[in-house]
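Scroll down for the structure; my scribbles are underneath it.
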Amino acid sequence: MTPDRRTLLHAGVSVTATLASATFAGQSSGTHDSQSPEPLLANDAESRAAAAQDFGHIVDRQPRAVCKPATSGEVADIVRWAKAQGLKVAARGQGHATYGRAMAEDGIVMDLGKLATIHRIEPDRVVADAGATWHKVVDATLAKGLVPLVLTNYLELSVGGTLAVGGIGGSSSRHGLQTDQVLELDVVTGEGVELTCSPTSHPELFDAVRAGLAQCAIIVRATLRLMRAPERVRRFQLSYPDLASLTADQRRVLEEARFDQLQGAVVPDGTGGWRYQMEAGVFYDGKMPPDEGALLAGLADKRETVSDLTFGEDANAFAKLEKILRANGQWLNPHPWLLTYLPGSNALKIASDVIAEVNSDDLGPFGRITYYPMFTDGCRTPLLRLPDERVVFPFNLIRIPASADRANAERLVMRNRELYERIRSAGGVLYPVSAFPMSSSDWADHFGARWSLLREARGRHDPGSHLTPGYELF
């Protein structure tokens, strides 16, 4: 046994007796027997190395140990044990962060992969563990003819992971973000207390956890709204000669609510230039196909590509790109992404200025710049920061470099910071899964008037500042 592991396990034995007899106001952990954390802790080189990397492959932070709880009670036990030892704790879903946000250097990384049960599906809701992937959720709900209102483009992300930051997808133009679809959350606070929160129960914690970057509690289970699942999706890819004409048509179809899903992208054309495209989908049942003439009437696109898939096939379309990137090795390359929201009033100018300075080689052959409008009417998550306008544009540099050159990745991280400063000065807002460092003052500026909500919740539910150190908020 290594000295580190001996120290961890010895401490775990001495703390367990205290944990077993502890009583917290409002704590539900009395319903389970507090167990020693020993079987859950691993500090072997392989486990620590895996937890020291994420999808970004830019930051490397070695934890002291990794744990894999299978119940919310085990999550609470580990958090209380780590608190007693003065160790930081970072919850990890599928490891798709891009800049070390789910890491805890010399602390505990809590891998929630085993906490992945779909507990209950009702006509209007699903109850799923935080470690379940959206793919698993969709498979379970589709079997009953239901589906969540908002899905991310990539379904292998975890439920808890996206709810901690927001969760955006093609239907966000209609329904807001995934955090806007949450009915109830079961969490473990930084004090190791298990609580259920909702708009009517611990509402201040409910508001601080959704898009709260896991700063005061770890999500362990979520109750999410469902809608009837459409049978099929007719998807259109419309091409444009420039960003201005793309923007005009995107705004038009948004205002007229022509499509159920609306996105768009600027992609390398292979010759050093760009292709501008709208990506839109309409839901329908098999016996009632959509009226394509009405959907495309008056649009200025030059050509169109149409696909028609079942809802499940369409939702999993990104899996094809993942397979390619894994096969050619680019899945494991650095991913210095920058994700932001632009105000609708000047989105075209900001995006045009940035794109004019972007080198398509830096994006990589499979990279893209996503750019499309969405209404903010349905966005009700207090800590999800957006420009204060009815229409905003997600504007994201999705870089997938062809090589694993770390120096190049570090250069692009610095470039991300420069671009963020420009976007922020023009009224844009960060989507906080981007690859560049942020200081506490940066975060205070980001959250603005909502900073006090998060700071006070942190002081109440994680006064020792043990949770999720990777964001460096406090």
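Identifiers for the structure tokens are assigned positionally: chains receive A, B, ... in sequence, residues are indexed from 1 per chain, and ligands are indexed from 1 in the order shown.
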Fewer than 6 positions away in the same chain doesn't count, so skip those; otherwise give me all residues within 12 Å of Ser245 in chain A, counting only C-alpha atoms, as a PyMOL selection string. chain A and resi 238-239+251-252+276-278+299-302+348
Give me, as a list in words, all polymer residues having an atom no more than 9 Å from Ser307 in chain A, counting only C-alpha atoms and skipping those fewer than 6 positions away in the same chain.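 Once the nearby chain positions are removed, what remains is Val233, Arg234, Arg235, Phe236 and Gln237 of chain A.
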Separation of CA of Arg210 in chain A from CA of Trp451 in chain A, in Å and rounded to one decimal: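 Between these atoms lies a distance of 13.8 Å.
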So which residues touch range 279-285 of chain A within 9 Å, counting only C-alpha atoms, skipping near sequence neighbours fewer than 2 positions away, as a ChimeraX atom specification? /A:170,229-238,258-265,277,287-290,295,311
Dump of N, CA and C atoms for the selected residues, as a PDB file, in the first residue's frame:
```pdb
ATOM      1  N   GLY A 170     -30.402  22.736 -30.221  1.00  0.00           N
ATOM      2  CA  GLY A 170     -31.109  23.268 -31.372  1.00  0.00           C
ATOM      3  C   GLY A 170     -32.488  23.806 -31.058  1.00  0.00           C
ATOM      4  N   ALA A 229     -42.773  13.004 -27.970  1.00  0.00           N
ATOM      5  CA  ALA A 229     -41.689  12.906 -28.955  1.00  0.00           C
ATOM      6  C   ALA A 229     -42.257  12.906 -30.367  1.00  0.00           C
ATOM      7  N   PRO A 230     -41.714  13.738 -31.250  1.00  0.00           N
ATOM      8  CA  PRO A 230     -42.114  13.647 -32.654  1.00  0.00           C
ATOM      9  C   PRO A 230     -41.571  12.357 -33.258  1.00  0.00           C
ATOM     10  N   GLU A 231     -42.215  11.892 -34.307  1.00  0.00           N
ATOM     11  CA  GLU A 231     -41.738  10.666 -34.942  1.00  0.00           C
ATOM     12  C   GLU A 231     -40.496  10.928 -35.791  1.00  0.00           C
ATOM     13  N   ARG A 232     -40.510  12.052 -36.533  1.00  0.00           N
ATOM     14  CA  ARG A 232     -39.430  12.289 -37.483  1.00  0.00           C
ATOM     15  C   ARG A 232     -38.994  13.756 -37.443  1.00  0.00           C
ATOM     16  N   VAL A 233     -37.805  13.988 -38.041  1.00  0.00           N
ATOM     17  CA  VAL A 233     -37.266  15.336 -38.170  1.00  0.00           C
ATOM     18  C   VAL A 233     -36.843  15.544 -39.619  1.00  0.00           C
ATOM     19  N   ARG A 234     -37.420  16.538 -40.261  1.00  0.00           N
ATOM     20  CA  ARG A 234     -36.971  16.949 -41.592  1.00  0.00           C
ATOM     21  C   ARG A 234     -35.958  18.081 -41.381  1.00  0.00           C
ATOM     22  N   ARG A 235     -34.716  17.830 -41.799  1.00  0.00           N
ATOM     23  CA  ARG A 235     -33.644  18.784 -41.522  1.00  0.00           C
ATOM     24  C   ARG A 235     -33.143  19.411 -42.816  1.00  0.00           C
ATOM     25  N   PHE A 236     -32.912  20.733 -42.744  1.00  0.00           N
ATOM     26  CA  PHE A 236     -32.460  21.504 -43.894  1.00  0.00           C
ATOM     27  C   PHE A 236     -31.110  22.141 -43.596  1.00  0.00           C
ATOM     28  N   GLN A 237     -30.200  22.071 -44.532  1.00  0.00           N
ATOM     29  CA  GLN A 237     -28.942  22.817 -44.467  1.00  0.00           C
ATOM     30  C   GLN A 237     -28.937  23.785 -45.647  1.00  0.00           C
ATOM     31  N   LEU A 238     -29.037  25.060 -45.340  1.00  0.00           N
ATOM     32  CA  LEU A 238     -29.160  26.097 -46.357  1.00  0.00           C
ATOM     33  C   LEU A 238     -27.870  26.903 -46.404  1.00  0.00           C
ATOM     34  N   ARG A 258     -40.659  29.263 -37.846  1.00  0.00           N
ATOM     35  CA  ARG A 258     -40.843  28.266 -38.912  1.00  0.00           C
ATOM     36  C   ARG A 258     -40.342  26.886 -38.515  1.00  0.00           C
ATOM     37  N   PHE A 259     -39.309  26.843 -37.670  1.00  0.00           N
ATOM     38  CA  PHE A 259     -38.647  25.566 -37.385  1.00  0.00           C
ATOM     39  C   PHE A 259     -38.680  25.254 -35.893  1.00  0.00           C
ATOM     40  N   ASP A 260     -38.633  23.961 -35.582  1.00  0.00           N
ATOM     41  CA  ASP A 260     -38.563  23.519 -34.186  1.00  0.00           C
ATOM     42  C   ASP A 260     -37.133  23.560 -33.656  1.00  0.00           C
ATOM     43  N   GLN A 261     -36.175  23.460 -34.553  1.00  0.00           N
ATOM     44  CA  GLN A 261     -34.766  23.557 -34.183  1.00  0.00           C
ATOM     45  C   GLN A 261     -34.096  24.540 -35.133  1.00  0.00           C
ATOM     46  N   LEU A 262     -33.271  25.409 -34.587  1.00  0.00           N
ATOM     47  CA  LEU A 262     -32.585  26.395 -35.419  1.00  0.00           C
ATOM     48  C   LEU A 262     -31.156  26.582 -34.936  1.00  0.00           C
ATOM     49  N   GLN A 263     -30.212  26.326 -35.834  1.00  0.00           N
ATOM     50  CA  GLN A 263     -28.811  26.581 -35.556  1.00  0.00           C
ATOM     51  C   GLN A 263     -28.148  27.070 -36.846  1.00  0.00           C
ATOM     52  N   GLY A 264     -26.855  27.330 -36.789  1.00  0.00           N
ATOM     53  CA  GLY A 264     -26.138  27.771 -37.973  1.00  0.00           C
ATOM     54  C   GLY A 264     -24.653  27.738 -37.719  1.00  0.00           C
ATOM     55  N   ALA A 265     -23.876  27.822 -38.801  1.00  0.00           N
ATOM     56  CA  ALA A 265     -22.434  27.689 -38.643  1.00  0.00           C
ATOM     57  C   ALA A 265     -21.694  28.377 -39.778  1.00  0.00           C
ATOM     58  N   GLN A 277     -23.855  28.690 -43.334  1.00  0.00           N
ATOM     59  CA  GLN A 277     -24.995  27.794 -43.478  1.00  0.00           C
ATOM     60  C   GLN A 277     -25.973  27.873 -42.302  1.00  0.00           C
ATOM     61  N   LYS A 287     -47.260  10.496 -41.009  1.00  0.00           N
ATOM     62  CA  LYS A 287     -48.368  10.623 -41.950  1.00  0.00           C
ATOM     63  C   LYS A 287     -48.642  12.078 -42.337  1.00  0.00           C
ATOM     64  N   MET A 288     -47.940  13.013 -41.728  1.00  0.00           N
ATOM     65  CA  MET A 288     -48.188  14.429 -42.015  1.00  0.00           C
ATOM     66  C   MET A 288     -46.872  15.142 -42.296  1.00  0.00           C
ATOM     67  N   PRO A 289     -46.254  14.930 -43.458  1.00  0.00           N
ATOM     68  CA  PRO A 289     -44.967  15.565 -43.766  1.00  0.00           C
ATOM     69  C   PRO A 289     -45.109  17.078 -43.835  1.00  0.00           C
ATOM     70  N   PRO A 290     -44.019  17.807 -43.541  1.00  0.00           N
ATOM     71  CA  PRO A 290     -44.081  19.266 -43.537  1.00  0.00           C
ATOM     72  C   PRO A 290     -44.187  19.838 -44.946  1.00  0.00           C
ATOM     73  N   LEU A 295     -41.962  26.367 -45.616  1.00  0.00           N
ATOM     74  CA  LEU A 295     -40.811  26.503 -44.719  1.00  0.00           C
ATOM     75  C   LEU A 295     -39.686  27.318 -45.354  1.00  0.00           C
ATOM     76  N   PHE A 311     -36.640  10.754 -34.949  1.00  0.00           N
ATOM     77  CA  PHE A 311     -36.162  11.687 -33.946  1.00  0.00           C
ATOM     78  C   PHE A 311     -34.907  11.154 -33.267  1.00  0.00           C
TER      79      PHE A 311
END
```
Would you please extract all strand (DSSP E) residues from range 53-228 of chain A, as assigned by DSSP on the backbone, and give them as a ChimeraX atom specification? /A:65-67,89-92,108-111,118-122,125-129,146-148,182-189,194-197,217-228
For C-alpha atoms, I'd like the residues from the last selection saved as a CSV table (one decimal), in the first residue's frame.
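In the end it all went to out_34.csv:
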```
chain,number,residue,atom,x,y,z
A,65,ALA,CA,-7.6,10.2,-5.1
A,66,VAL,CA,-10.6,9.3,-7.2
A,67,CYS,CA,-13.9,7.9,-6.0
A,89,VAL,CA,-13.8,17.9,-4.2
A,90,ALA,CA,-14.7,18.1,-7.9
A,91,ALA,CA,-17.6,16.2,-9.4
A,92,ARG,CA,-16.9,14.7,-12.8
A,108,ILE,CA,-10.8,14.3,-4.6
A,109,VAL,CA,-12.3,13.8,-8.0
A,110,MET,CA,-15.8,12.3,-7.7
A,111,ASP,CA,-16.6,10.3,-10.8
A,118,ILE,CA,-33.3,6.5,-14.8
A,119,HIS,CA,-35.7,6.2,-11.8
A,120,ARG,CA,-39.1,7.2,-13.1
A,121,ILE,CA,-40.8,8.3,-16.3
A,122,GLU,CA,-44.2,10.0,-16.2
A,125,ARG,CA,-41.3,14.3,-16.5
A,126,VAL,CA,-38.3,12.0,-16.0
A,127,VAL,CA,-36.2,11.5,-12.9
A,128,ALA,CA,-32.6,10.7,-13.8
A,129,ASP,CA,-29.4,10.5,-11.8
A,146,LEU,CA,-41.5,11.2,-24.8
A,147,VAL,CA,-38.4,13.3,-24.9
A,148,PRO,CA,-36.8,16.3,-23.0
A,182,VAL,CA,-35.7,21.4,-14.4
A,183,LEU,CA,-38.6,20.8,-12.0
A,184,GLU,CA,-36.6,19.5,-9.0
A,185,LEU,CA,-33.0,18.7,-8.0
A,186,ASP,CA,-31.5,16.4,-5.4
A,187,VAL,CA,-28.2,17.7,-4.3
A,188,VAL,CA,-25.4,17.2,-1.9
A,189,THR,CA,-24.1,20.5,-0.5
A,194,GLU,CA,-28.5,15.9,1.1
A,195,LEU,CA,-31.3,18.2,0.1
A,196,THR,CA,-34.1,18.4,-2.4
A,197,CYS,CA,-34.6,21.8,-4.0
A,217,ALA,CA,-23.7,21.7,-4.2
A,218,ILE,CA,-23.3,18.6,-6.4
A,219,ILE,CA,-26.3,17.6,-8.4
A,220,VAL,CA,-27.1,13.9,-7.8
A,221,ARG,CA,-30.5,13.6,-9.4
A,222,ALA,CA,-32.8,15.7,-11.6
A,223,THR,CA,-36.4,15.8,-12.4
A,224,LEU,CA,-36.9,17.2,-16.0
A,225,ARG,CA,-39.8,18.2,-18.1
A,226,LEU,CA,-40.8,16.0,-21.0
A,227,MET,CA,-42.9,16.5,-24.2
A,228,ARG,CA,-44.4,14.1,-26.6
```
Could you list, as an NGL selection string, every residue within 9 Å of range 330-334 of chain A, counting only C-alpha atoms and ignoring same-chain residues fewer than 6 positions away? :A and (55-58 or 98 or 322-324 or 399-406 or 409)
Which distance in Å separates CA of Pro123 in chain A and CA of Ala317 in chain A, to one decimal?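 Result for CA of Pro123 in chain A versus CA of Ala317 in chain A: 25.9 Å, one decimal.
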My list of candidates is A:Glu313, A:Glu256, A:Asp242, A:Asp361. Which is closest to Gly270 in chain A when distances are computed with only C-alpha atoms?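 That would be A:Asp361, the residue with the smallest distance to Gly270 in chain A.
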Write out as a list in words the residues lying within 12 Å of Pro463 in chain A, counting only C-alpha atoms and excluding same-chain residues fewer than 5 positions away. Lys83, Thr189, Gly190, Glu191, Gly192, Gln215, Cys216, Ala217, Arg455, Glu456, Ala457, Arg458 and Phe474 of chain A
Keeping C-alpha atoms, export the residues of the selection given above as an mmCIF file, in the first residue's frame.
```cif
data_model
loop_
_atom_site.group_PDB
_atom_site.id
_atom_site.type_symbol
_atom_site.label_atom_id
_atom_site.label_comp_id
_atom_site.auth_asym_id
_atom_site.auth_seq_id
_atom_site.Cartn_x
_atom_site.Cartn_y
_atom_site.Cartn_z
ATOM 1 C CA LYS A 83 -14.327 18.359 4.262
ATOM 2 C CA THR A 189 -24.088 20.487 -0.471
ATOM 3 C CA GLY A 190 -20.490 21.326 0.362
ATOM 4 C CA GLU A 191 -21.343 20.451 3.969
ATOM 5 C CA GLY A 192 -22.292 16.925 2.896
ATOM 6 C CA GLN A 215 -20.043 25.944 -6.464
ATOM 7 C CA CYS A 216 -22.354 25.199 -3.537
ATOM 8 C CA ALA A 217 -23.731 21.702 -4.198
ATOM 9 C CA ARG A 455 -21.682 34.139 -3.247
ATOM 10 C CA GLU A 456 -24.315 33.971 -0.504
ATOM 11 C CA ALA A 457 -25.338 30.442 -1.479
ATOM 12 C CA ARG A 458 -21.683 29.412 -1.406
ATOM 13 C CA PHE A 474 -13.642 32.314 -4.991
#
```
Quick one: residues within 7 Å of range 383-397 of chain A, only C-alpha atoms counted, chain neighbours fewer than 3 positions away excluded, as JSON, numbers by chain? {"A": [166, 208, 211, 212, 337, 338, 339, 340, 341, 342, 343, 344, 347, 368, 369, 370, 371, 372, 373, 374, 375, 376, 377, 427, 428, 429, 447, 450]}
Looking at only C-alpha atoms, which of A:Tyr240, A:Tyr420, A:Tyr99, A:Phe318 is the one that sits closest to Val354 in chain A?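 Going through A:Tyr240, A:Tyr420, A:Tyr99, A:Phe318 one by one, the smallest distance to Val354 in chain A is for A:Tyr420.
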Could you give me the residues within range 96-243 of chain A that DSSP places in alpha helix (DSSP H), as number ranges by chain? A: 134-142, 159-163, 172-175, 203-209, 243
What would the file look like if the residues just selected were written as an mmCIF file, in the first residue's frame with C-alpha atoms?
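Okay, this is what ended up in result_14.cif:
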```
data_model
loop_
_atom_site.group_PDB
_atom_site.id
_atom_site.type_symbol
_atom_site.label_atom_id
_atom_site.label_comp_id
_atom_site.auth_asym_id
_atom_site.auth_seq_id
_atom_site.Cartn_x
_atom_site.Cartn_y
_atom_site.Cartn_z
ATOM 1 C CA TRP A 134 -28.519 12.386 -22.185
ATOM 2 C CA HIS A 135 -28.253 9.480 -24.604
ATOM 3 C CA LYS A 136 -29.441 7.141 -21.871
ATOM 4 C CA VAL A 137 -32.227 9.535 -20.911
ATOM 5 C CA VAL A 138 -33.420 9.842 -24.519
ATOM 6 C CA ASP A 139 -33.365 6.081 -25.061
ATOM 7 C CA ALA A 140 -35.507 5.576 -21.958
ATOM 8 C CA THR A 141 -38.014 8.343 -22.674
ATOM 9 C CA LEU A 142 -38.343 7.637 -26.400
ATOM 10 C CA VAL A 159 -27.222 15.293 -17.003
ATOM 11 C CA GLY A 160 -25.481 16.850 -14.005
ATOM 12 C CA GLY A 161 -22.663 18.223 -16.130
ATOM 13 C CA THR A 162 -24.873 20.245 -18.477
ATOM 14 C CA LEU A 163 -27.240 21.424 -15.733
ATOM 15 C CA SER A 172 -33.197 26.454 -27.288
ATOM 16 C CA SER A 173 -34.630 29.067 -29.668
ATOM 17 C CA ARG A 174 -38.048 27.742 -28.618
ATOM 18 C CA HIS A 175 -37.553 26.478 -25.069
ATOM 19 C CA PRO A 203 -35.691 27.927 -3.875
ATOM 20 C CA GLU A 204 -32.531 29.955 -3.231
ATOM 21 C CA LEU A 205 -30.448 26.779 -3.506
ATOM 22 C CA PHE A 206 -32.389 25.698 -6.610
ATOM 23 C CA ASP A 207 -31.473 28.993 -8.269
ATOM 24 C CA ALA A 208 -27.844 28.749 -7.148
ATOM 25 C CA VAL A 209 -27.326 25.194 -8.399
ATOM 26 C CA LEU A 243 -22.715 36.247 -42.953
#
```
